[in-house]
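A.B. asks: My structure is below; once you've seen it, I'll send some questions.
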Amino acid sequence: MIEKLKSVFSLPGFRLILIILVPILILGACQPKNKTTTSTEKAKESVLPPPNGDYFQDITKYSGIDFIRTIGDEHLSNLVESDGGGAAFLDYDQDGYLDIYVSNGNYNKTLSRNQEHPAKKDSENHLFRNIHNGTFQDVTQKAKVGDRGYGMGVTVGDFDNNGYPDIYVSNYGPNVLYKNNGNGTYTDVTKRAGVAGNDCSVGAVWLDYDNDGYLDLYVGNYIKFDPKYNYYYAPDGFPGPMAYDGTPDILYHNRGDGTFEDVTKAMHVYNKDGRAMGVGAADYDNDGYVDIFVSNDHMINYLYHNNQGKIFDERGTASGVGFNQVGEATISMSVDFADYNNDGLMDLFVSDNAYCSLHRNEGNGVFSEMSYKAGIAVACGQFVGWASSFLDYDNDGDLDLFKVNGELKHLYGQEDQLFENEGNGKFIDVSTQRGAYFEDEHVGRGACFGDYDNDGDIDAYIVNLEEPGVLLRNNKGNQNNWITLSLIGETSNRDGVGARISINSEGKKQYAQKKSSSGYLSTNDPRVHFGLGKNNIVDTIEVIWPSGIVQKLENIKANQVLTIKESEAKTP
């Protein structure tokens with residue numbers, strides 16, 4: 001037997017095989033064992049591009065965010081599809097970094113003309129988790145928030161005061177309330193909470209209108225869409241909003257036990273023929289109670305003044321914010337409250353399909369429309385404005401304005417705009433000077449703004465129709481100093497929504513209020529951000545909580561995220 005084996009090994013062919021195989025086997029043995037690379041590991045290995053010299057740099061393709069807002073149809077064929085959707089910056093797992101939730105159009109048999117388009121039927125909303133290196137991981141399935149309704153607005157608030165942000169999704173059809181379980185997952189509690197509605201809901205906002213420590217919910221409803229109605233001017237593409245009946249908005253009061261009560265009529269905010277788009281809330285007269293503004297499509301805008309949490313009265317016309325500068329009811333889209341001139345009063349910006357409206361608060365319940373005088377109107381006039389938010393993009397201590405644009409009834413792109421506050425009541429369009437991104441055309445809709453990478457300046461995520469959303473990284477804002485405040489209410493609602501904040505740094509005062517929704521169908525960074533210029537100390541910070549508690553802090557170092565707890569306020 002041994003002799004036979006020797007004869008085999010001595011064959012020339014076998015020797016050749018050994019010469020080839022042995023090095024391969026040795027090399028294979030020296031290599032590490034194969035292992036499956038998880039999506040998390042791949043994301044952690046991702047490398048973001050270095051700053052390219054622009055203020056705002058598009059880093060979407062490196063970010064791990066893979067999302068296209070679909071209209072759920074082959075072609076844009078009606079107003080509801082055109083309205084698009086929003087996004088939210090939120091820290092859903094409370095790890096100190098902002099995550100992103102986005103709503104999707106999804107397929108809807110009433111809206112979608114093309115009934116045989118499977119790619120449009122498989123879409124859903126998405127949650128992207130920030131993994132602390134500038135990139136994101138899709139955790140939609142794990143978190144259980146992949147709603148497949150026809151998504152519109154996203155508003156975030158801790159309605160049960162458990163320390164974790166909940167998500168309310170406005171839909172065409174039943175809305176959805178996701179309760180955060182505090183373990184990385186959500187539970188759909190819509191039915192129990194009683195906040196589904198059954199209309200075409202667009203914008204919504206959390207607010208504690210009666211200061212009882214629980215967040216209430218105002219939901220803006222749009223039109224009663226009739227798919228059979230087809231009388232319209234052909235170049236328009238489809239009928240406009242006045243071709244359909246409007247629908248009343250809804251105000252839900254939080255009972256504090258996980259359920260809500262419809263108090264729309266009882267609180268006098270019932271208007272049967274509204275056509276809401278964006279919805280915002282702030283205390284515009286500094287009386288300690290949060291008021292509500294509703295941007296309506298093609299009709300008067302509403303300003304509901306809050307009378308000590310007992311009832312609202314509508315003051316849109318009386319206050320001067322019901323119409324634009326020439327008395328027209330425009331196609332109003334987004335709304336954002338902020339104090340752009342640092343006088344301690346909340347001003348108001350409303351984007352539309354024309355010149356937009358910058359309403360300056362005069363302090364006596366009346367606003368002056370300033371868009372032309374401020375240098376905004378002419379630059380806005382050639383675009384259709386959707387999401388718009390105030391933000392101090394360069395941290396110089398005054399609020400600038402970012403405006404997202406896109407054609408109204410066609411999937412035609414437009415450039416977005418950035419208006420810089422010159423500090424004298426004037427704004428200047430600096431878009432083309434702040435990055436190559438502003439030369440690109442997109443069909444923009446919702447957008448959220450916040451410091452997603454915790455480097456001290458405000459970044460942006462923008463939702464576009466039928467094309468990828470865009471993550472813009474701010475590369476230069478942190479060349480100036482800043483401070484960001486994270487509020488934790490205890491007697492007040494947990495988020496501190498409605499808190500009024502003022503800071504003083506080397507004689508310069510700034511004012512802000514803690515809000516939930518901002519802009520168009522979206523929610524910005526829940527933290528409150530201030531630019532400080534070259535100042536490295538904040539002399540004083542004052543917080544007036546919704547409970548009425550006044551809290552003061554002194555000599556605070558710049559360039560930090562400062563947590564302020566209501567319970568730590570010193571009693572006089």
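Naming works like this for the structure tokens: A, B, ... for the chains as they're shown, residue 1 at the start of each chain, ligands 1 onward in shown order.
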With only C-alpha atoms as the counted atoms, please give the residues lying no more than 7 Å from Met333 (chain A), apart from itself and same-chain residues fewer than 6 positions off, as a VMD selection string.
C.D. replies: chain A and resid 277 to 278 295 350 to 352 386 520
A.B. asks: Write out, as CSV, each residue of region 434-506 of chain A that has an atom at most 12 Å from region 336-346 of chain A, together with the closest pair of atoms and their distance in Å to one decimal, counting only C-alpha atoms, rows going by chain and rising number.
C.D. replies:
```
residue,atom,partner,partner_atom,distance
A:Cys448,CA,A:Asp336,CA,11.9
A:Gly498,CA,A:Phe337,CA,11.9
A:Arg500,CA,A:Gly344,CA,9.6
A:Ile501,CA,A:Gly344,CA,9.5
A:Ser502,CA,A:Gly344,CA,8.1
A:Ile503,CA,A:Asn342,CA,10.6
A:Asn504,CA,A:Asn342,CA,11.1
```
A.B. asks: Any idea what the distance is between CA of Ile311 (chain A) and CA of Pro546 (chain A)?
C.D. replies: 17.2 Å
A.B. asks: Pick out the residues sitting within 10 Å of Ala374 (chain A), and hand them over as a PDB file with N, CA and C atoms, in the first residue's frame; count only C-alpha atoms, and ignore anything fewer than 4 positions along from it in its own chain.
C.D. replies:
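Ended up saving to result-v4.pdb:
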```pdb
ATOM      1  N   LEU A 358     -43.126  89.310   5.685  1.00  0.00           N
ATOM      2  CA  LEU A 358     -42.361  89.453   6.921  1.00  0.00           C
ATOM      3  C   LEU A 358     -43.138  90.420   7.808  1.00  0.00           C
ATOM      4  N   GLU A 369     -46.219  94.838   7.867  1.00  0.00           N
ATOM      5  CA  GLU A 369     -45.653  93.961   6.834  1.00  0.00           C
ATOM      6  C   GLU A 369     -44.422  94.632   6.235  1.00  0.00           C
ATOM      7  N   MET A 370     -43.263  93.949   6.310  1.00  0.00           N
ATOM      8  CA  MET A 370     -41.979  94.579   5.995  1.00  0.00           C
ATOM      9  C   MET A 370     -41.213  93.886   4.871  1.00  0.00           C
ATOM     10  N   VAL A 378     -38.684  91.316  -3.456  1.00  0.00           N
ATOM     11  CA  VAL A 378     -38.283  91.236  -4.864  1.00  0.00           C
ATOM     12  C   VAL A 378     -37.539  89.938  -5.143  1.00  0.00           C
ATOM     13  N   ASN A 421     -29.369  88.497   7.618  1.00  0.00           N
ATOM     14  CA  ASN A 421     -29.848  89.632   8.402  1.00  0.00           C
ATOM     15  C   ASN A 421     -28.685  90.599   8.594  1.00  0.00           C
ATOM     16  N   GLU A 422     -28.855  91.836   8.110  1.00  0.00           N
ATOM     17  CA  GLU A 422     -27.786  92.825   8.216  1.00  0.00           C
ATOM     18  C   GLU A 422     -27.812  93.569   9.548  1.00  0.00           C
ATOM     19  N   ASN A 424     -29.991  95.707  10.697  1.00  0.00           N
ATOM     20  CA  ASN A 424     -30.619  97.029  10.679  1.00  0.00           C
ATOM     21  C   ASN A 424     -32.049  96.963  10.138  1.00  0.00           C
ATOM     22  N   GLY A 425     -32.640  95.777  10.229  1.00  0.00           N
ATOM     23  CA  GLY A 425     -33.984  95.576   9.686  1.00  0.00           C
ATOM     24  C   GLY A 425     -33.990  95.139   8.245  1.00  0.00           C
ATOM     25  N   LYS A 426     -32.817  95.053   7.640  1.00  0.00           N
ATOM     26  CA  LYS A 426     -32.689  94.682   6.231  1.00  0.00           C
ATOM     27  C   LYS A 426     -32.109  93.278   6.093  1.00  0.00           C
ATOM     28  N   PHE A 427     -32.506  92.617   5.015  1.00  0.00           N
ATOM     29  CA  PHE A 427     -31.956  91.310   4.654  1.00  0.00           C
ATOM     30  C   PHE A 427     -31.374  91.404   3.247  1.00  0.00           C
ATOM     31  N   ILE A 428     -30.378  90.577   2.970  1.00  0.00           N
ATOM     32  CA  ILE A 428     -29.791  90.527   1.638  1.00  0.00           C
ATOM     33  C   ILE A 428     -29.670  89.066   1.212  1.00  0.00           C
TER      34      ILE A 428
END
```
A.B. asks: List every residue of region 283-374 of chain A that DSSP, applied to the backbone of this structure, assigns to alpha helix (DSSP H), and report them as a count of residues only.
C.D. replies: 4
A.B. asks: Would you mind listing what lies within 10 Å of Tyr304 (chain A) as a list in words, with only C-alpha atoms counted and same-chain residues fewer than 2 positions away left out?
C.D. replies: His268, Val269, Ala281, Val290, Asp291, Ile292, Phe293, Val294, Asn301, Tyr302, Asn306, Asn307, Ile311, Phe312, Asp313, Glu314, Arg315 and Gly316 of chain A
A.B. asks: When you draw a straight line from CA of Thr491 (chain A) to CA of Leu562 (chain A), how long is it in Å?
C.D. replies: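 Answer for the CA of Thr491 (chain A) to CA of Leu562 (chain A) separation: 19.4 Å.
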A.B. asks: What is the distance between CA of Phe67 (chain A) and CA of Pro468 (chain A), in Å to one decimal?
C.D. replies: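 Computing the Euclidean distance for CA of Phe67 (chain A) and CA of Pro468 (chain A) yields 5.6 Å.
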A.B. asks: Applying 7 Å and only C-alpha atoms, which residues near region 205-220 of chain A remain after dropping the ones on its own chain fewer than 5 positions away? List them as a VMD selection string.
C.D. replies: chain A and resid 155 157 159 249 to 254 256 276 to 277 279 to 281 289 to 290 308 to 309 491 to 493 497 516 to 517 546 to 547
A.B. asks: List the neighbours of Tyr222 (chain A) out to 7 Å using only C-alpha atoms; skip same-chain residues closer than 4 positions along the sequence, and give me the result as an mmCIF file with C-alpha atoms, in the first residue's frame.
C.D. replies:
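Once everything was written out, this is out-v4.cif:
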```
data_model
loop_
_atom_site.group_PDB
_atom_site.id
_atom_site.type_symbol
_atom_site.label_atom_id
_atom_site.label_comp_id
_atom_site.auth_asym_id
_atom_site.auth_seq_id
_atom_site.Cartn_x
_atom_site.Cartn_y
_atom_site.Cartn_z
ATOM 1 C CA CYS A 200 -56.563 65.811 4.760
ATOM 2 C CA SER A 201 -54.276 67.017 7.554
ATOM 3 C CA VAL A 202 -51.193 69.005 6.643
ATOM 4 C CA GLY A 246 -62.310 73.478 2.950
ATOM 5 C CA THR A 247 -62.278 71.578 6.240
ATOM 6 C CA GLY A 274 -60.295 76.550 6.404
ATOM 7 C CA ARG A 275 -57.536 75.379 4.057
ATOM 8 C CA ALA A 276 -54.575 75.029 6.382
ATOM 9 C CA MET A 277 -51.028 74.459 5.205
#
```
A.B. asks: A:Asn108, A:Asn480, A:Asn175, A:Asn524: which is nearest Asp451 (chain A), counting only C-alpha atoms?
C.D. replies: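 Using only C-alpha atoms, the shortest distance to Asp451 (chain A) belongs to A:Asn524.
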A.B. asks: When distances are computed from only C-alpha atoms, which of A:Arg148, A:Arg113, A:Arg255, A:His305 shows the smallest separation from Lys228 (chain A)?
C.D. replies: A:Arg113
